[in-house]
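As stored in target15.csv (CSV, C-alpha atoms and all ligand atoms):
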```
chain,number,residue,atom,x,y,z
A,241,MET,CA,48.2,55.9,21.8
A,242,VAL,CA,44.7,56.7,23.2
A,243,ARG,CA,44.7,56.8,27.0
A,244,VAL,CA,41.5,55.1,28.2
A,245,ALA,CA,39.7,55.0,31.5
A,246,ILE,CA,37.2,52.3,32.2
A,247,ALA,CA,34.4,53.0,34.7
A,248,GLY,CA,32.9,49.9,36.2
A,249,ALA,CA,36.1,48.0,35.7
A,250,ALA,CA,35.1,45.3,38.2
A,251,GLY,CA,31.8,44.6,36.4
A,252,ARG,CA,31.0,42.0,33.8
A,253,MET,CA,31.6,44.4,30.9
A,254,GLY,CA,34.4,46.2,32.7
A,255,ARG,CA,36.5,43.0,32.9
A,256,ASN,CA,36.0,42.3,29.2
A,257,LEU,CA,36.9,45.9,28.3
A,258,VAL,CA,40.1,45.6,30.3
A,259,GLN,CA,41.0,42.5,28.2
A,260,ALA,CA,40.1,44.2,25.0
A,261,CYS,CA,42.3,47.2,25.9
A,262,ALA,CA,45.2,44.8,26.5
A,263,LEU,CA,44.7,43.3,23.0
A,264,SER,CA,44.7,46.7,21.2
A,265,GLU,CA,47.9,48.3,20.0
A,266,GLN,CA,46.3,51.7,19.8
A,267,ILE,CA,44.8,51.8,23.3
A,268,GLN,CA,46.5,52.1,26.6
A,269,LEU,CA,44.5,51.5,29.8
A,270,THR,CA,45.5,54.2,32.2
A,271,GLN,CA,42.6,54.4,34.7
A,272,ALA,CA,40.0,52.0,36.0
A,273,THR,CA,37.3,52.9,38.5
A,274,ASP,CA,34.5,51.2,40.3
A,275,LYS,CA,32.0,52.4,42.9
A,276,SER,CA,33.1,53.7,46.3
A,277,GLY,CA,33.6,50.9,48.8
A,278,HIS,CA,33.6,48.1,46.2
A,279,ALA,CA,35.6,45.1,47.5
A,280,LEU,CA,37.9,45.2,44.5
A,281,ILE,CA,39.1,48.8,44.9
A,282,GLY,CA,42.9,48.8,45.0
A,283,SER,CA,43.1,45.5,42.9
A,284,ASP,CA,44.9,45.4,39.6
A,285,ALA,CA,42.4,45.7,36.8
A,286,GLY,CA,44.2,43.1,34.7
A,287,VAL,CA,44.3,40.5,37.4
A,288,ILE,CA,40.5,41.1,38.1
A,289,ALA,CA,39.9,40.6,34.3
A,290,GLY,CA,41.8,37.3,34.4
A,291,ILE,CA,44.8,38.5,32.5
A,292,GLU,CA,48.4,39.6,33.4
A,293,PRO,CA,48.7,42.7,35.7
A,294,GLN,CA,48.1,45.9,33.8
A,295,ASN,CA,49.7,48.1,36.6
A,296,VAL,CA,46.4,50.0,36.8
A,297,LEU,CA,44.7,49.7,40.2
A,298,ILE,CA,40.9,50.0,40.4
A,299,ALA,CA,40.2,53.4,42.0
A,300,GLU,CA,37.2,55.1,43.5
A,301,VAL,CA,37.6,58.4,41.6
A,302,LEU,CA,38.6,59.5,38.1
A,303,GLU,CA,41.8,61.5,37.6
A,304,ALA,CA,41.3,63.9,34.7
A,305,THR,CA,45.0,64.2,33.8
A,306,GLU,CA,45.3,60.4,33.4
A,307,PHE,CA,43.0,59.7,30.4
A,308,ASP,CA,41.6,61.0,27.1
A,309,VAL,CA,38.5,58.8,26.6
A,310,LEU,CA,36.2,57.5,29.4
A,311,VAL,CA,34.5,54.2,28.6
A,312,ASP,CA,31.3,53.9,30.7
A,313,PHE,CA,29.4,50.6,31.0
A,314,THR,CA,27.8,51.2,34.4
A,315,HIS,CA,24.4,52.5,35.3
A,316,PRO,CA,22.4,55.5,34.0
A,317,SER,CA,22.8,57.4,37.4
A,318,VAL,CA,26.5,56.9,37.2
A,319,THR,CA,26.7,57.8,33.5
A,320,THR,CA,24.9,61.1,34.2
A,321,ASN,CA,27.7,62.2,36.6
A,322,HIS,CA,30.3,61.0,34.2
A,323,VAL,CA,28.9,63.2,31.4
A,324,ASP,CA,29.2,66.2,33.8
A,325,TYR,CA,32.7,65.3,34.6
A,326,CYS,CA,33.8,64.9,31.0
A,327,LEU,CA,32.2,68.2,30.1
A,328,GLN,CA,34.1,69.9,32.9
A,329,TYR,CA,37.4,68.4,31.9
A,330,ASN,CA,36.8,68.2,28.1
A,331,LYS,CA,37.1,64.4,27.8
A,332,LYS,CA,35.7,62.2,25.1
A,333,MET,CA,33.3,59.4,26.0
A,334,VAL,CA,32.3,55.9,24.8
A,335,ILE,CA,29.0,55.0,26.6
A,336,GLY,CA,27.5,51.5,26.5
A,337,THR,CA,25.2,51.8,29.5
A,338,THR,CA,21.6,50.9,28.8
A,339,GLY,CA,18.4,52.0,30.4
A,340,CYS,CA,19.1,55.7,29.8
A,341,ASP,CA,15.9,57.7,30.0
A,342,ALA,CA,14.9,60.5,27.7
A,343,ALA,CA,16.4,63.2,30.0
A,344,LEU,CA,19.8,61.5,29.9
A,345,GLU,CA,19.6,61.0,26.2
A,346,GLN,CA,18.9,64.8,25.8
A,347,LYS,CA,21.8,65.5,28.1
A,348,LEU,CA,24.0,63.4,25.8
A,349,ARG,CA,22.8,65.4,22.8
A,350,ASP,CA,23.5,68.7,24.6
A,351,ALA,CA,26.9,67.5,25.7
A,352,GLY,CA,27.7,66.6,22.1
A,353,ASP,CA,27.8,70.3,21.4
A,354,SER,CA,31.0,70.5,23.5
A,355,ILE,CA,32.6,67.0,23.6
A,356,ALA,CA,32.8,63.9,21.4
A,357,ILE,CA,30.5,61.0,22.6
A,358,MET,CA,29.8,57.7,21.1
A,359,TYR,CA,26.7,56.2,22.7
A,360,ALA,CA,25.3,52.8,21.6
A,361,PRO,CA,23.1,50.4,23.6
A,362,ASN,CA,24.9,47.6,21.6
A,363,MET,CA,28.4,47.8,20.3
A,364,SER,CA,28.6,44.5,18.5
A,365,VAL,CA,29.3,44.8,14.8
A,366,GLY,CA,26.8,42.0,14.1
A,367,VAL,CA,24.0,43.7,15.9
A,368,ASN,CA,24.6,47.0,14.1
A,369,LEU,CA,24.6,45.1,10.8
A,370,CYS,CA,21.3,43.5,11.9
A,371,LEU,CA,19.8,47.0,12.4
A,372,GLN,CA,20.5,47.7,8.8
A,373,LEU,CA,18.9,44.3,7.7
A,374,ILE,CA,15.9,45.1,9.9
A,375,ALA,CA,15.4,48.5,8.3
A,376,THR,CA,15.5,46.9,4.9
A,377,ALA,CA,13.0,44.2,5.9
A,378,ALA,CA,10.7,46.8,7.4
A,379,ARG,CA,10.9,49.0,4.2
A,380,VAL,CA,10.1,46.0,1.9
A,381,LEU,CA,7.4,44.4,4.1
A,382,GLY,CA,5.8,47.6,5.4
A,383,ASP,CA,2.4,47.3,7.2
A,384,SER,CA,1.6,43.9,5.6
A,385,VAL,CA,3.2,41.9,8.5
A,386,ASP,CA,3.1,41.6,12.3
A,387,ILE,CA,6.3,42.6,13.9
A,388,GLU,CA,7.6,41.2,17.2
A,389,ILE,CA,10.9,41.6,18.9
A,390,ILE,CA,12.0,38.9,21.3
A,391,GLU,CA,15.1,39.3,23.4
A,392,ALA,CA,16.8,37.1,26.0
A,393,HIS,CA,19.5,38.0,28.6
A,394,HIS,CA,21.2,36.7,31.7
A,395,ARG,CA,19.4,36.8,35.1
A,396,HIS,CA,21.4,39.8,36.4
A,397,LYS,CA,20.3,42.3,33.8
A,398,VAL,CA,18.3,45.1,35.5
A,399,ASP,CA,16.4,46.7,32.6
A,400,ALA,CA,13.8,45.4,30.1
A,401,PRO,CA,13.3,45.4,27.2
A,402,SER,CA,17.0,45.5,26.4
A,403,GLY,CA,18.4,48.8,25.0
A,404,THR,CA,19.1,46.8,21.8
A,405,ALA,CA,15.5,45.6,21.5
A,406,ILE,CA,14.3,49.2,22.0
A,407,LYS,CA,16.8,50.4,19.4
A,408,MET,CA,15.5,47.7,16.9
A,409,GLY,CA,11.9,48.9,17.6
A,410,ARG,CA,12.9,52.5,17.0
A,411,VAL,CA,14.6,51.7,13.7
A,412,ILE,CA,11.4,49.8,12.5
A,413,ALA,CA,9.1,52.5,13.8
A,414,ASP,CA,11.1,55.2,12.0
A,415,VAL,CA,11.0,53.3,8.7
A,416,LEU,CA,7.2,52.7,9.0
A,417,GLY,CA,6.4,56.2,10.2
A,418,ARG,CA,5.1,55.0,13.5
A,419,ASP,CA,5.6,56.5,17.0
A,420,LEU,CA,7.2,53.7,19.1
A,421,ASP,CA,5.9,55.1,22.4
A,422,SER,CA,2.3,54.7,21.2
A,423,CYS,CA,2.6,51.5,19.1
A,424,ALA,CA,4.8,49.4,21.4
A,425,VAL,CA,3.2,46.5,23.3
A,426,TYR,CA,5.3,45.0,26.2
A,427,GLY,CA,4.5,41.4,27.1
A,428,ARG,CA,1.0,40.1,26.8
A,429,GLU,CA,-1.3,38.5,29.4
A,430,GLY,CA,-4.9,37.7,29.9
A,431,GLN,CA,-7.7,38.9,27.5
A,432,THR,CA,-5.5,40.8,25.1
A,433,GLY,CA,-7.9,40.8,22.1
A,434,VAL,CA,-6.8,40.2,18.6
A,435,ARG,CA,-3.5,41.7,17.5
A,436,GLU,CA,-3.4,45.2,16.1
A,437,ARG,CA,-1.4,45.1,12.9
A,438,LYS,CA,0.5,48.4,13.5
A,439,THR,CA,1.7,47.5,17.0
A,440,ILE,CA,5.3,46.4,17.6
A,441,GLY,CA,5.5,43.6,20.3
A,442,PHE,CA,8.3,43.2,22.8
A,443,GLU,CA,9.0,40.0,24.8
A,444,SER,CA,11.9,39.8,27.3
A,445,ILE,CA,13.3,36.6,28.7
A,446,ARG,CA,15.7,36.7,31.7
A,447,ALA,CA,17.5,33.4,32.5
A,448,GLY,CA,20.8,32.0,33.5
A,449,ASP,CA,23.9,33.3,31.8
A,450,ILE,CA,22.5,34.2,28.3
A,451,VAL,CA,24.9,36.9,27.0
A,452,GLY,CA,22.3,38.5,24.7
A,453,GLU,CA,19.9,37.2,21.9
A,454,HIS,CA,17.6,39.3,19.8
A,455,THR,CA,15.1,38.1,17.1
A,456,VAL,CA,12.9,40.4,15.0
A,457,LEU,CA,10.0,38.5,13.6
A,458,PHE,CA,8.1,39.8,10.5
A,459,ALA,CA,5.1,37.5,10.2
A,460,ASP,CA,2.6,37.4,7.3
A,461,GLU,CA,0.0,34.8,6.5
A,462,GLY,CA,1.9,31.8,5.1
A,463,GLU,CA,5.4,32.9,5.7
A,464,ARG,CA,7.6,34.7,8.2
A,465,ILE,CA,11.1,36.2,8.3
A,466,GLU,CA,13.2,36.1,11.4
A,467,ILE,CA,16.4,38.1,11.8
A,468,THR,CA,18.4,36.8,14.8
A,469,HIS,CA,21.6,37.9,16.5
A,470,LYS,CA,23.1,35.8,19.2
A,471,ALA,CA,26.1,37.0,21.3
A,472,SER,CA,28.1,34.2,22.8
A,473,SER,CA,30.7,36.4,24.5
A,474,ARG,CA,30.8,39.9,26.0
A,475,MET,CA,34.1,40.4,24.1
A,476,THR,CA,32.0,41.3,21.0
A,477,PHE,CA,30.7,44.4,22.9
A,478,ALA,CA,34.1,45.2,24.4
A,479,ASN,CA,35.9,45.0,21.0
A,480,GLY,CA,33.3,47.3,19.5
A,481,ALA,CA,33.9,49.8,22.4
A,482,ILE,CA,37.6,49.7,21.8
A,483,ARG,CA,37.1,50.3,18.1
A,484,ALA,CA,35.0,53.3,19.1
A,485,CYS,CA,37.8,54.6,21.3
A,486,GLU,CA,40.2,54.4,18.4
A,487,TRP,CA,37.7,56.2,16.2
A,488,ILE,CA,36.6,58.9,18.5
A,489,GLN,CA,40.1,60.2,19.2
A,490,HIS,CA,39.9,62.0,15.9
A,491,ARG,CA,36.6,63.8,16.7
A,492,ASP,CA,36.3,67.0,18.7
A,493,LYS,CA,32.6,67.1,19.4
A,494,GLY,CA,29.3,65.5,18.5
A,495,LEU,CA,27.1,62.6,19.6
A,496,TYR,CA,27.7,59.5,17.5
A,497,GLY,CA,26.5,56.0,17.2
A,498,MET,CA,28.0,52.7,16.2
A,499,PRO,CA,27.1,53.1,12.5
A,500,ASP,CA,29.3,56.2,12.4
A,501,VAL,CA,32.2,54.1,13.9
A,502,LEU,CA,31.6,51.3,11.4
A,503,GLY,CA,30.9,53.6,8.4
A,504,ILE,CA,27.6,51.9,7.6
B,601,LIG,P1,27.7,45.1,36.1
B,601,LIG,O1,26.7,45.3,37.2
B,601,LIG,O2,28.4,43.7,36.0
B,601,LIG,O3,28.9,46.2,36.0
B,601,LIG,C1,28.6,47.6,36.3
B,601,LIG,C2,29.8,48.0,37.2
B,601,LIG,O4,29.6,49.4,37.4
B,601,LIG,C3,29.8,47.3,38.6
B,601,LIG,O5,31.1,46.8,38.8
B,601,LIG,C4,29.5,48.5,39.5
B,601,LIG,O6,30.0,48.4,40.8
B,601,LIG,C5,30.1,49.7,38.7
B,601,LIG,N1,29.7,51.0,39.2
B,601,LIG,C6,28.6,51.4,40.0
B,601,LIG,N2,28.7,52.6,40.3
B,601,LIG,C7,29.9,53.1,39.9
B,601,LIG,C8,30.6,54.4,39.9
B,601,LIG,N3,30.1,55.4,40.6
B,601,LIG,N4,31.8,54.5,39.3
B,601,LIG,C9,32.4,53.4,38.7
B,601,LIG,N5,31.8,52.2,38.6
B,601,LIG,C10,30.6,52.1,39.2
B,601,LIG,O7,26.9,45.3,34.7
B,601,LIG,P2,27.3,44.9,33.2
B,601,LIG,O8,26.7,43.6,32.9
B,601,LIG,O9,28.8,45.0,33.1
B,601,LIG,O10,26.6,46.0,32.4
B,601,LIG,C11,26.9,47.4,32.6
B,601,LIG,C12,26.0,48.2,31.6
B,601,LIG,O11,26.4,48.0,30.3
B,601,LIG,C13,24.5,47.8,31.7
B,601,LIG,O12,23.8,49.0,31.5
B,601,LIG,C14,24.4,46.9,30.5
B,601,LIG,O13,23.0,46.8,30.0
B,601,LIG,C15,25.3,47.6,29.5
B,601,LIG,N6,25.8,46.7,28.4
B,601,LIG,C16,25.9,47.4,27.2
B,601,LIG,C17,26.4,46.7,26.1
B,601,LIG,C18,26.6,47.4,24.8
B,601,LIG,O14,27.1,46.8,23.9
B,601,LIG,N7,26.4,48.7,24.8
B,601,LIG,C19,26.7,45.3,26.3
B,601,LIG,C20,26.6,44.7,27.5
B,601,LIG,C21,26.1,45.4,28.6
```
Would you write the structure of this file as structure tokens?
Ligand code: NAD
Amino acid sequence: MVRVAIAGAAGRMGRNLVQACALSEQIQLTQATDKSGHALIGSDAGVIAGIEPQNVLIAEVLEATEFDVLVDFTHPSVTTNHVDYCLQYNKKMVIGTTGCDAALEQKLRDAGDSIAIMYAPNMSVGVNLCLQLIATAARVLGDSVDIEIIEAHHRHKVDAPSGTAIKMGRVIADVLGRDLDSCAVYGREGQTGVRERKTIGFESIRAGDIVGEHTVLFADEGERIEITHKASSRMTFANGAIRACEWIQHRDKGLYGMPDVLGI
């Protein structure tokens, strides 16, 4: 049994993660936390997730003796502190938090020298398969097409473009030998001029309760290819995270991604 702590257990992803833990035979939820002063501190994590009580009360602080893997779907500022904590107590991590800046990503790489971390801005199996399809399309179509990435999420999402959209852009830029920081164009307005072929465009939609949709468009004169992924439930991300917990228990150190977990 892998003993798992879920940070942000009262959040949207946290509740799905608690459900996914309850469905796994290899995972035992032993800790759940949320931010200090949250109204749901002291509540049973299972009840908050809409399932039977799990006998794990949502706490304000982690207890290092109580878990093996920390699952973090919170906020980059919180994740930073959790990395320090897991380094101190030699705990493994599964991180799904998005909006992590370059400094935090470097911190994750450095931490990977000491502990095992799986970090993925999108843990859905389908999205990770799409990343492979996108890489293939970019390889075949090269610089002969215009490439645009369009994503849509619920109105509560605080970062844009989504971590998944950025990841898709990075995959394409790597295949085409482009630097994403200099070729990305975020949203367009006003007198934009004609499109530069070697740019990669990003458009973000924020509306209602959309769980997460991504389309990568490869457009030539006369035809276009669209690779689309639509998530209809957060359980797809939660199930991926639980699969990562099962996988990472066998790793001592290193920074991994979902392709490592899935073996693709
Ligand atoms: P949310 O706001 O519903 O949940 C975040 C939770 O973290 C909240 O309950 C908040 O109170 C809690 N939190 C804040 N400070 C804390 C602390 N110090 N300790 C413990 N908990 C703390 O957000 P969400 O929709 O669940 O998304 C969370 C993150 O996961 C976002 O970055 C989102 O983009 C990302 N996400 C990733 C994936 C993926 O597959 N990797 C999928 C969906 C969402």
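Between atom C7 of ligand LIG 601 (chain B) and CA of Glu265 (chain A) the interatomic distance comes to 27.3 Å.
Pairwise distance (CA of Leu297 (chain A), CA of Ser283 (chain A)) equals 5.2 Å.
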Give one line per residue of chain A that approaches ligand LIG 601 (chain B) to at most 7 Å, naming the two atoms of the closest pair and their distance in Å to one decimal, counting only C-alpha atoms and all ligand atoms; sort by chain then ascending residue number and deliver it as CSV.
```
residue,atom,partner,partner_atom,distance
A:Ala247,CA,B:LIG601,C9,4.5
A:Gly248,CA,B:LIG601,N5,3.5
A:Ala249,CA,B:LIG601,O5,6.0
A:Ala250,CA,B:LIG601,O5,4.3
A:Gly251,CA,B:LIG601,O5,3.3
A:Arg252,CA,B:LIG601,O9,3.8
A:Met253,CA,B:LIG601,O9,3.6
A:Gly254,CA,B:LIG601,O9,5.7
A:Thr273,CA,B:LIG601,C9,4.9
A:Asp274,CA,B:LIG601,N5,3.3
A:Lys275,CA,B:LIG601,C7,3.7
A:Ser276,CA,B:LIG601,N3,6.7
A:His278,CA,B:LIG601,O6,6.5
A:Glu300,CA,B:LIG601,N4,6.9
A:Phe313,CA,B:LIG601,O11,4.0
A:Thr314,CA,B:LIG601,O4,3.9
A:His315,CA,B:LIG601,O12,5.2
A:Val318,CA,B:LIG601,N3,5.2
A:Gly336,CA,B:LIG601,N7,3.5
A:Thr337,CA,B:LIG601,O12,3.7
A:Thr338,CA,B:LIG601,O12,4.0
A:Gly339,CA,B:LIG601,O12,6.3
A:Ala360,CA,B:LIG601,N7,5.3
A:Pro361,CA,B:LIG601,N7,3.9
A:Asn362,CA,B:LIG601,O14,3.3
A:Met363,CA,B:LIG601,O14,4.0
A:Ser364,CA,B:LIG601,O14,6.1
A:Lys397,CA,B:LIG601,O13,6.5
A:Arg474,CA,B:LIG601,C20,6.6
A:Phe477,CA,B:LIG601,O14,4.4
```
Seminar exercise, completed: Judged by all atoms listed in the file, the minimum distance to Glu292 (chain A) among A:Thr455, A:Thr320, A:Thr439, A:Gln259 is found for A:Gln259
For this session: Find the spatial neighbours of region 403-418 of chain A, counting only C-alpha atoms, within a cut-off of 9 Å - ignore same-chain residues fewer than 3 positions away - and output them as a count of residues only.
Result: 39
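In this structure, CA of Ile246 (chain A) sits 22.1 Å away from CA of Asp341 (chain A).
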Exercise. Taking all atoms listed in the file into account, which of A:Ile445, A:Leu373, A:Ile488, A:Ile335 comes nearest His322 (chain A)?
Worked result: A:Ile335
For this session: Give as a list of chain:residue names each residue that has an atom at most 8 Å from (21.5, 62.4, 32.1) in the file, counting all atoms listed in the file.
Result: A:Pro316, A:Ser317, A:Thr319, A:Thr320, A:Asn321, A:Val323, A:Cys340, A:Asp341, A:Ala343, A:Leu344, A:Glu345, A:Gln346, A:Lys347, A:Leu348
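With all atoms listed in the file taken into account, the protein and nucleic acid residues at most 7 Å from Ala289 (chain A) (excluding it and anything under 2 positions from it in its own chain) are Arg255, Asn256, Val258, Gln259, Ala285, Gly286, Val287 and Ile291 of chain A.
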For this session: Between A:Ile267, A:Asp350, A:Leu369, A:His396, single out the one closest to Ala481 (chain A), counting all atoms listed in the file.
Result: A:Ile267
Exercise. Hey, which of A:Gly494, A:His394, A:Gly282, A:Ala262 ends up closest to Gln294 (chain A)? Count only C-alpha atoms.
Worked result: A:Ala262
For this session: Find the spatial neighbours of Gly452 (chain A), counting only C-alpha atoms, within a cut-off of 7 Å - ignore same-chain residues fewer than 5 positions away - and output them as a ChimeraX atom specification.
Result: /A:392-393,470-471
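Closest approach to Leu310 (chain A) from the set A:Leu420, A:Ile467, A:Ala484, A:Val398 is made by A:Ala484, with distances taken over all atoms listed in the file.
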